[in-house]
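*Asks:* Below is the file query-v2.cif, which contains mmCIF, N, CA and C atoms.
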```
data_target
#
loop_
_atom_site.label_atom_id
_atom_site.label_comp_id
_atom_site.auth_asym_id
_atom_site.auth_seq_id
_atom_site.Cartn_x
_atom_site.Cartn_y
_atom_site.Cartn_z
N MET A 1 21.66 168.32 117.69
CA MET A 1 21.44 169.58 118.37
C MET A 1 22.39 169.67 119.57
N THR A 2 23.09 170.77 119.66
CA THR A 2 24.09 170.89 120.73
C THR A 2 23.50 171.41 122.04
N ASP A 3 22.43 172.22 121.96
CA ASP A 3 21.87 172.80 123.18
C ASP A 3 20.35 172.75 123.15
N PRO A 4 19.75 171.65 123.64
CA PRO A 4 18.29 171.52 123.59
C PRO A 4 17.55 172.53 124.47
N ILE A 5 18.16 172.99 125.55
CA ILE A 5 17.48 173.97 126.42
C ILE A 5 17.41 175.33 125.72
N ALA A 6 18.47 175.71 125.02
CA ALA A 6 18.44 176.96 124.25
C ALA A 6 17.40 176.87 123.14
N ASP A 7 17.25 175.70 122.52
CA ASP A 7 16.23 175.49 121.50
C ASP A 7 14.83 175.64 122.11
N PHE A 8 14.62 175.08 123.31
CA PHE A 8 13.37 175.20 124.05
C PHE A 8 13.02 176.68 124.27
N LEU A 9 13.98 177.44 124.77
CA LEU A 9 13.76 178.86 125.05
C LEU A 9 13.52 179.66 123.77
N THR A 10 14.25 179.33 122.72
CA THR A 10 14.11 180.05 121.45
C THR A 10 12.74 179.78 120.82
N ARG A 11 12.26 178.54 120.89
CA ARG A 11 10.94 178.24 120.34
C ARG A 11 9.85 178.98 121.12
N LEU A 12 9.98 179.03 122.45
CA LEU A 12 9.03 179.80 123.27
C LEU A 12 9.07 181.28 122.90
N ARG A 13 10.28 181.83 122.79
CA ARG A 13 10.47 183.24 122.47
C ARG A 13 9.86 183.58 121.11
N ASN A 14 10.10 182.71 120.11
CA ASN A 14 9.57 182.94 118.76
C ASN A 14 8.05 182.86 118.74
N ALA A 15 7.46 181.91 119.48
CA ALA A 15 6.01 181.78 119.54
C ALA A 15 5.38 183.01 120.19
N ILE A 16 6.04 183.55 121.22
CA ILE A 16 5.54 184.75 121.89
C ILE A 16 5.60 185.95 120.95
N MET A 17 6.72 186.08 120.22
CA MET A 17 6.87 187.20 119.29
C MET A 17 5.83 187.15 118.17
N ALA A 18 5.42 185.92 117.76
CA ALA A 18 4.44 185.76 116.70
C ALA A 18 3.01 185.68 117.25
N ASN A 19 2.83 185.88 118.56
CA ASN A 19 1.53 185.84 119.23
C ASN A 19 0.78 184.53 119.03
N HIS A 20 1.48 183.42 119.05
CA HIS A 20 0.84 182.11 118.96
C HIS A 20 0.17 181.78 120.29
N LYS A 21 -0.89 180.99 120.23
CA LYS A 21 -1.58 180.54 121.44
C LYS A 21 -0.92 179.30 122.02
N VAL A 22 -0.48 178.38 121.13
CA VAL A 22 0.10 177.10 121.55
C VAL A 22 1.41 176.89 120.81
N VAL A 23 2.39 176.31 121.51
CA VAL A 23 3.67 175.96 120.89
C VAL A 23 3.98 174.50 121.22
N GLU A 24 4.50 173.77 120.23
CA GLU A 24 4.88 172.37 120.42
C GLU A 24 6.39 172.26 120.43
N LEU A 25 6.92 171.52 121.43
CA LEU A 25 8.36 171.38 121.60
C LEU A 25 8.71 169.91 121.78
N PRO A 26 9.88 169.48 121.31
CA PRO A 26 10.32 168.12 121.64
C PRO A 26 10.59 168.00 123.13
N ALA A 27 10.22 166.86 123.71
CA ALA A 27 10.28 166.69 125.16
C ALA A 27 11.60 166.10 125.63
N SER A 28 11.95 166.43 126.87
CA SER A 28 13.02 165.77 127.62
C SER A 28 12.68 165.98 129.09
N ASN A 29 13.35 165.27 129.97
CA ASN A 29 13.02 165.38 131.40
C ASN A 29 13.27 166.78 131.94
N VAL A 30 14.38 167.41 131.53
CA VAL A 30 14.70 168.76 132.02
C VAL A 30 13.67 169.76 131.48
N LYS A 31 13.29 169.63 130.21
CA LYS A 31 12.30 170.54 129.63
C LYS A 31 10.94 170.37 130.31
N LYS A 32 10.59 169.15 130.68
CA LYS A 32 9.32 168.91 131.39
C LYS A 32 9.33 169.61 132.74
N GLU A 33 10.44 169.51 133.46
CA GLU A 33 10.55 170.16 134.76
C GLU A 33 10.52 171.68 134.63
N MET A 34 11.18 172.21 133.59
CA MET A 34 11.16 173.66 133.36
C MET A 34 9.74 174.12 133.03
N THR A 35 9.01 173.33 132.25
CA THR A 35 7.63 173.66 131.90
C THR A 35 6.74 173.68 133.15
N LYS A 36 6.94 172.71 134.05
CA LYS A 36 6.16 172.67 135.29
C LYS A 36 6.44 173.92 136.13
N ILE A 37 7.69 174.35 136.18
CA ILE A 37 8.05 175.56 136.93
C ILE A 37 7.39 176.79 136.32
N LEU A 38 7.42 176.91 134.97
CA LEU A 38 6.79 178.05 134.30
C LEU A 38 5.29 178.09 134.59
N LYS A 39 4.63 176.92 134.65
CA LYS A 39 3.21 176.86 134.97
C LYS A 39 2.95 177.25 136.43
N ASP A 40 3.77 176.72 137.35
CA ASP A 40 3.59 177.02 138.77
C ASP A 40 3.76 178.51 139.08
N LYS A 41 4.67 179.15 138.37
CA LYS A 41 4.95 180.57 138.61
C LYS A 41 4.04 181.49 137.80
N GLY A 42 3.14 180.94 136.97
CA GLY A 42 2.16 181.74 136.26
C GLY A 42 2.63 182.35 134.95
N TYR A 43 3.69 181.84 134.37
CA TYR A 43 4.19 182.39 133.10
C TYR A 43 3.49 181.78 131.89
N ILE A 44 2.90 180.58 132.04
CA ILE A 44 2.16 179.96 130.94
C ILE A 44 0.79 179.54 131.47
N LEU A 45 -0.18 179.38 130.56
CA LEU A 45 -1.53 178.98 130.96
C LEU A 45 -1.59 177.51 131.35
N ASN A 46 -1.12 176.65 130.45
CA ASN A 46 -1.22 175.22 130.68
C ASN A 46 -0.19 174.50 129.81
N TYR A 47 -0.02 173.22 130.08
CA TYR A 47 0.88 172.40 129.27
C TYR A 47 0.33 170.98 129.22
N LYS A 48 0.82 170.23 128.24
CA LYS A 48 0.39 168.85 128.08
C LYS A 48 1.55 168.06 127.51
N PHE A 49 1.84 166.91 128.13
CA PHE A 49 2.90 166.04 127.62
C PHE A 49 2.25 164.97 126.74
N VAL A 50 2.65 164.91 125.47
CA VAL A 50 2.11 163.93 124.53
C VAL A 50 3.19 162.92 124.22
N ASP A 51 2.91 161.66 124.50
CA ASP A 51 3.87 160.59 124.23
C ASP A 51 3.58 160.02 122.84
N ASP A 52 4.49 160.28 121.90
CA ASP A 52 4.27 159.83 120.52
C ASP A 52 5.09 158.58 120.17
N GLY A 53 5.57 157.87 121.16
CA GLY A 53 6.35 156.65 120.91
C GLY A 53 7.84 156.92 120.84
N LEU A 54 8.23 158.11 120.42
CA LEU A 54 9.65 158.46 120.35
C LEU A 54 10.02 159.20 121.63
N GLN A 55 10.45 160.44 121.53
CA GLN A 55 10.83 161.17 122.73
C GLN A 55 9.66 161.96 123.32
N GLY A 56 8.60 162.13 122.58
CA GLY A 56 7.42 162.84 123.07
C GLY A 56 7.44 164.31 122.70
N VAL A 57 6.31 164.96 122.97
CA VAL A 57 6.12 166.36 122.62
C VAL A 57 5.51 167.07 123.83
N ILE A 58 5.92 168.31 124.04
CA ILE A 58 5.32 169.16 125.05
C ILE A 58 4.49 170.22 124.32
N LYS A 59 3.20 170.31 124.64
CA LYS A 59 2.36 171.36 124.09
C LYS A 59 2.13 172.39 125.19
N ILE A 60 2.52 173.63 124.92
CA ILE A 60 2.42 174.70 125.91
C ILE A 60 1.44 175.76 125.42
N ALA A 61 0.43 176.07 126.25
CA ALA A 61 -0.51 177.17 125.96
C ALA A 61 0.06 178.43 126.60
N LEU A 62 0.37 179.42 125.75
CA LEU A 62 1.00 180.65 126.23
C LEU A 62 -0.02 181.58 126.86
N LYS A 63 0.44 182.41 127.78
CA LYS A 63 -0.43 183.29 128.55
C LYS A 63 -0.25 184.73 128.08
N TYR A 64 -1.36 185.39 127.76
CA TYR A 64 -1.35 186.79 127.34
C TYR A 64 -2.34 187.57 128.19
N HIS A 65 -2.12 188.88 128.32
CA HIS A 65 -3.06 189.75 129.03
C HIS A 65 -4.34 189.84 128.18
N PRO A 66 -5.54 189.76 128.81
CA PRO A 66 -6.78 189.72 128.01
C PRO A 66 -7.02 190.95 127.14
N GLU A 67 -6.71 192.15 127.62
CA GLU A 67 -6.99 193.35 126.83
C GLU A 67 -5.81 193.80 125.98
N SER A 68 -4.63 193.88 126.60
CA SER A 68 -3.48 194.45 125.88
C SER A 68 -2.74 193.42 125.04
N LYS A 69 -3.04 192.13 125.22
CA LYS A 69 -2.41 191.03 124.45
C LYS A 69 -0.89 190.98 124.63
N ILE A 70 -0.40 191.46 125.79
CA ILE A 70 1.03 191.39 126.10
C ILE A 70 1.30 190.08 126.82
N SER A 71 2.38 189.41 126.44
CA SER A 71 2.72 188.11 127.02
C SER A 71 3.13 188.23 128.48
N ALA A 72 2.87 187.16 129.25
CA ALA A 72 3.30 187.12 130.65
C ALA A 72 4.81 187.02 130.75
N ILE A 73 5.44 186.45 129.71
CA ILE A 73 6.90 186.32 129.67
C ILE A 73 7.47 187.50 128.90
N LYS A 74 8.26 188.32 129.57
CA LYS A 74 8.89 189.46 128.90
C LYS A 74 10.21 189.06 128.25
N ASN A 75 10.97 188.21 128.96
CA ASN A 75 12.29 187.84 128.45
C ASN A 75 12.67 186.46 128.94
N LEU A 76 13.33 185.70 128.09
CA LEU A 76 13.91 184.40 128.41
C LEU A 76 15.38 184.47 128.06
N LYS A 77 16.25 184.24 129.03
CA LYS A 77 17.69 184.37 128.77
C LYS A 77 18.40 183.11 129.21
N ARG A 78 19.12 182.48 128.29
CA ARG A 78 19.94 181.32 128.60
C ARG A 78 21.21 181.78 129.29
N VAL A 79 21.56 181.20 130.41
CA VAL A 79 22.74 181.64 131.17
C VAL A 79 23.88 180.65 130.99
N SER A 80 23.70 179.42 131.42
CA SER A 80 24.74 178.41 131.32
C SER A 80 24.67 177.76 129.94
N LYS A 81 25.73 177.92 129.17
CA LYS A 81 25.76 177.40 127.81
C LYS A 81 26.71 176.20 127.74
N PRO A 82 26.61 175.37 126.70
CA PRO A 82 27.52 174.22 126.61
C PRO A 82 29.00 174.63 126.55
N GLY A 83 29.30 175.79 125.97
CA GLY A 83 30.68 176.25 125.89
C GLY A 83 31.19 176.89 127.16
N LEU A 84 30.28 177.39 127.99
CA LEU A 84 30.66 178.05 129.24
C LEU A 84 29.57 177.82 130.27
N ARG A 85 29.78 176.83 131.11
CA ARG A 85 28.80 176.49 132.15
C ARG A 85 28.89 177.49 133.29
N LYS A 86 27.74 177.85 133.85
CA LYS A 86 27.68 178.80 134.98
C LYS A 86 27.10 178.08 136.19
N TYR A 87 27.91 177.93 137.21
CA TYR A 87 27.48 177.30 138.45
C TYR A 87 27.53 178.33 139.56
N CYS A 88 26.71 178.14 140.59
CA CYS A 88 26.80 179.01 141.76
C CYS A 88 26.42 178.23 143.00
N GLY A 89 27.03 178.60 144.10
CA GLY A 89 26.72 177.98 145.38
C GLY A 89 25.45 178.56 145.97
N ALA A 90 25.01 178.00 147.07
CA ALA A 90 23.78 178.45 147.71
C ALA A 90 23.89 179.89 148.20
N ALA A 91 25.09 180.32 148.58
CA ALA A 91 25.28 181.67 149.12
C ALA A 91 25.20 182.75 148.04
N GLU A 92 25.60 182.43 146.81
CA GLU A 92 25.63 183.46 145.77
C GLU A 92 24.61 183.22 144.66
N LEU A 93 23.42 182.72 145.01
CA LEU A 93 22.36 182.53 144.02
C LEU A 93 21.88 183.89 143.51
N PRO A 94 21.62 184.01 142.20
CA PRO A 94 21.25 185.31 141.63
C PRO A 94 19.80 185.70 141.96
N ARG A 95 19.54 187.00 142.00
CA ARG A 95 18.18 187.53 142.10
C ARG A 95 17.87 188.18 140.76
N VAL A 96 16.82 187.73 140.11
CA VAL A 96 16.46 188.24 138.79
C VAL A 96 15.47 189.39 138.97
N LEU A 97 15.80 190.55 138.41
CA LEU A 97 15.00 191.76 138.54
C LEU A 97 14.63 192.05 139.99
N ASN A 98 15.60 191.90 140.87
CA ASN A 98 15.43 192.15 142.30
C ASN A 98 14.29 191.33 142.91
N GLY A 99 14.14 190.10 142.43
CA GLY A 99 13.15 189.19 142.98
C GLY A 99 11.86 189.09 142.18
N LEU A 100 11.68 189.92 141.15
CA LEU A 100 10.46 189.88 140.35
C LEU A 100 10.48 188.76 139.31
N GLY A 101 11.66 188.40 138.83
CA GLY A 101 11.79 187.30 137.88
C GLY A 101 12.27 186.04 138.59
N ILE A 102 12.47 184.97 137.81
CA ILE A 102 12.98 183.73 138.39
C ILE A 102 14.21 183.26 137.61
N ALA A 103 15.08 182.58 138.33
CA ALA A 103 16.20 181.87 137.71
C ALA A 103 15.88 180.39 137.87
N ILE A 104 16.01 179.62 136.80
CA ILE A 104 15.78 178.18 136.87
C ILE A 104 17.14 177.50 136.97
N LEU A 105 17.30 176.68 138.02
CA LEU A 105 18.57 176.01 138.28
C LEU A 105 18.40 174.50 138.18
N SER A 106 19.49 173.85 137.78
CA SER A 106 19.56 172.40 137.84
C SER A 106 20.47 172.05 139.01
N THR A 107 19.89 171.46 140.06
CA THR A 107 20.64 171.14 141.26
C THR A 107 20.72 169.62 141.44
N SER A 108 21.40 169.21 142.48
CA SER A 108 21.49 167.77 142.78
C SER A 108 20.14 167.23 143.26
N GLN A 109 19.24 168.12 143.67
CA GLN A 109 17.91 167.72 144.13
C GLN A 109 16.84 167.97 143.07
N GLY A 110 17.26 168.19 141.82
CA GLY A 110 16.31 168.38 140.72
C GLY A 110 16.33 169.81 140.21
N VAL A 111 15.45 170.06 139.23
CA VAL A 111 15.33 171.38 138.63
C VAL A 111 14.40 172.21 139.51
N MET A 112 14.83 173.43 139.88
CA MET A 112 14.03 174.28 140.76
C MET A 112 14.35 175.75 140.51
N THR A 113 13.57 176.63 141.12
CA THR A 113 13.80 178.06 141.00
C THR A 113 14.86 178.50 142.00
N ASP A 114 15.31 179.74 141.85
CA ASP A 114 16.33 180.26 142.76
C ASP A 114 15.80 180.39 144.18
N LYS A 115 14.53 180.72 144.33
CA LYS A 115 13.94 180.87 145.68
C LYS A 115 13.88 179.52 146.40
N GLU A 116 13.49 178.47 145.68
CA GLU A 116 13.44 177.13 146.28
C GLU A 116 14.84 176.66 146.66
N ALA A 117 15.83 176.95 145.79
CA ALA A 117 17.20 176.55 146.07
C ALA A 117 17.75 177.28 147.30
N ARG A 118 17.36 178.56 147.47
CA ARG A 118 17.78 179.31 148.65
C ARG A 118 17.20 178.69 149.92
N GLN A 119 15.92 178.28 149.86
CA GLN A 119 15.28 177.67 151.03
C GLN A 119 15.90 176.32 151.38
N LYS A 120 16.24 175.53 150.34
CA LYS A 120 16.83 174.21 150.58
C LYS A 120 18.34 174.29 150.79
N HIS A 121 18.91 175.48 150.59
CA HIS A 121 20.33 175.74 150.74
C HIS A 121 21.18 174.83 149.84
N VAL A 122 20.84 174.83 148.54
CA VAL A 122 21.61 174.08 147.54
C VAL A 122 21.98 175.02 146.40
N GLY A 123 23.08 174.76 145.77
CA GLY A 123 23.52 175.49 144.59
C GLY A 123 23.40 174.59 143.37
N GLY A 124 23.80 175.11 142.22
CA GLY A 124 23.75 174.29 141.01
C GLY A 124 24.04 175.10 139.77
N GLU A 125 23.68 174.54 138.63
CA GLU A 125 23.90 175.18 137.33
C GLU A 125 22.72 176.08 137.02
N ILE A 126 22.99 177.34 136.67
CA ILE A 126 21.93 178.30 136.33
C ILE A 126 21.55 178.06 134.87
N LEU A 127 20.36 177.51 134.64
CA LEU A 127 19.93 177.21 133.28
C LEU A 127 19.47 178.48 132.54
N CYS A 128 18.55 179.24 133.15
CA CYS A 128 18.04 180.42 132.46
C CYS A 128 17.39 181.40 133.44
N TYR A 129 17.16 182.62 132.93
CA TYR A 129 16.41 183.64 133.65
C TYR A 129 15.09 183.84 132.92
N VAL A 130 14.00 184.00 133.68
CA VAL A 130 12.68 184.26 133.10
C VAL A 130 12.09 185.46 133.82
N TYR A 131 11.63 186.45 133.04
CA TYR A 131 10.91 187.58 133.63
C TYR A 131 10.05 188.24 132.59
#
```
Can I see the file as structure tokens?
*Replies:*
Amino acid sequence: MTDPIADFLTRLRNAIMANHKVVELPASNVKKEMTKILKDKGYILNYKFVDDGLQGVIKIALKYHPESKISAIKNLKRVSKPGLRKYCGAAELPRVLNGLGIAILSTSQGVMTDKEARQKHVGGEILCYVY
């Protein structure tokens, strides 16, 4: 697999389109950190890391509106790709939907959102946009 983060986002996107309650994904350290961010920001209900002896599995419970059954995640967009990496400094960090969405960045201080990176004054690679 050439781009595991794009695979992570695509599996989430497909599960949301099919109205699944739970999605299972192969685990990695970056995917675990991205999952924690999605939980902290309220885009998913819960998650669980299952260690199966190999690389492990992430089980994510997706969040839907109780009456309208619309997902909390409207769009997942991969920004930095293996063929064209996108980096930005602390001064030019992107604002997603004028602050309503989040950008997930990989910085020298770990994986964090654009708001956290602005507060810590660090830049990095823009992994994806979530809104």
*Asks:* For atom N of Ile16 in chain A and atom N of Pro94 in chain A, quote the distance in Å rounded to one decimal.
*Replies:* 26.1 Å
*Asks:* Apply the PyMOL selection byres ((chain A and resi 53-64) around 6.5) to the structure shown and report the selected residues as a ChimeraX atom specification.
*Replies:* /A:20-28,43-52,65-67,69-73
*Asks:* Just the number, please: distance in Å from atom C of Leu127 in chain A to atom C of Val79 in chain A, one decimal.
*Replies:*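 So the two atoms, atom C of Leu127 in chain A and atom C of Val79 in chain A, lie 5.2 Å apart.
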*Asks:* Kindly extract all protein, DNA and RNA residues lying within 7 Å of the coordinates (22.1, 180.8, 123.0) given in the file, considering only C-alpha atoms, and supply them as a ChimeraX atom specification.
*Replies:* /A:6,78,81
*Asks:* How far is it from CA of Gly99 in chain A to CA of Arg118 in chain A, in Å with one decimal?
*Replies:* 12.3 Å
*Asks:* Mind checking DSSP for range 1-123 of chain A and telling me the strand (DSSP E) residues as a count of residues only?
*Replies:* 33
*Asks:* The PyMOL selection byres (((chain A and resi 74-76 and name CA) around 6) and name CA) on the file shown: which residues, as a compact mmCIF listing (two decimals) with N, CA and C atoms, keeping the file's coordinate frame?
*Replies:*
```
# COMPACT_ATOMS: atom_id res chain seq x y z
N ILE A 73 5.44 186.45 129.71
CA ILE A 73 6.90 186.32 129.67
C ILE A 73 7.47 187.50 128.90
N LYS A 77 16.25 184.24 129.03
CA LYS A 77 17.69 184.37 128.77
C LYS A 77 18.40 183.11 129.21
N TYR A 129 17.16 182.62 132.93
CA TYR A 129 16.41 183.64 133.65
C TYR A 129 15.09 183.84 132.92
N VAL A 130 14.00 184.00 133.68
CA VAL A 130 12.68 184.26 133.10
C VAL A 130 12.09 185.46 133.82
N TYR A 131 11.63 186.45 133.04
CA TYR A 131 10.91 187.58 133.63
C TYR A 131 10.05 188.24 132.59
```
*Asks:* List the spatial neighbours of Gly89 in chain A as a list in words - criterion: any atom at most 7 Å away, all atoms listed in the file, same-chain residues fewer than 2 positions off excluded.
*Replies:*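 So, after excluding close chain neighbours, the residues are Tyr87, Ala91, Glu92, Leu93, His121, Val122, Gly123 and Gly124 of chain A.
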*Asks:* In range 38-128 of chain A, what's alpha helix (DSSP H) per DSSP? Answer as a list in words?
*Replies:*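 Those in range 38-128 of chain A that DSSP calls alpha helix (DSSP H) are Leu38, Lys39, Asp40, Asp114, Lys115, Glu116, Ala117, Arg118, Gln119 and Lys120 of chain A.
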*Asks:* Go through A:Leu9, A:Met1, A:Ile37, A:Ile126 and flag the residue nearest Leu84 in chain A, using only C-alpha atoms for the distances.
*Replies:*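 Answer, going by the shortest atom-to-atom distance: A:Ile126.
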*Asks:* Let me make sure I understand: among A:Leu12, A:Met34, A:Ala18, A:Ala90, which one has the smallest atom-to-atom distance to Gln119 in chain A if we use only C-alpha atoms?
*Replies:*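 The shortest atom-to-atom distance to Gln119 in chain A comes from A:Ala90.
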*Asks:* I'd like to know which of A:Asn29, A:Thr2, A:Ser80, A:Asn14 is closest to Cys128 in chain A, using all atoms listed in the file.
*Replies:*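 Closest candidate: A:Ser80.
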*Asks:* From the options A:Ile102, A:Leu38, A:Asn19, A:Lys31, which residue's atoms come nearest to Pro4 in chain A, counting all atoms listed in the file?
*Replies:*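 Closest residue, counting all atoms listed in the file: A:Lys31.
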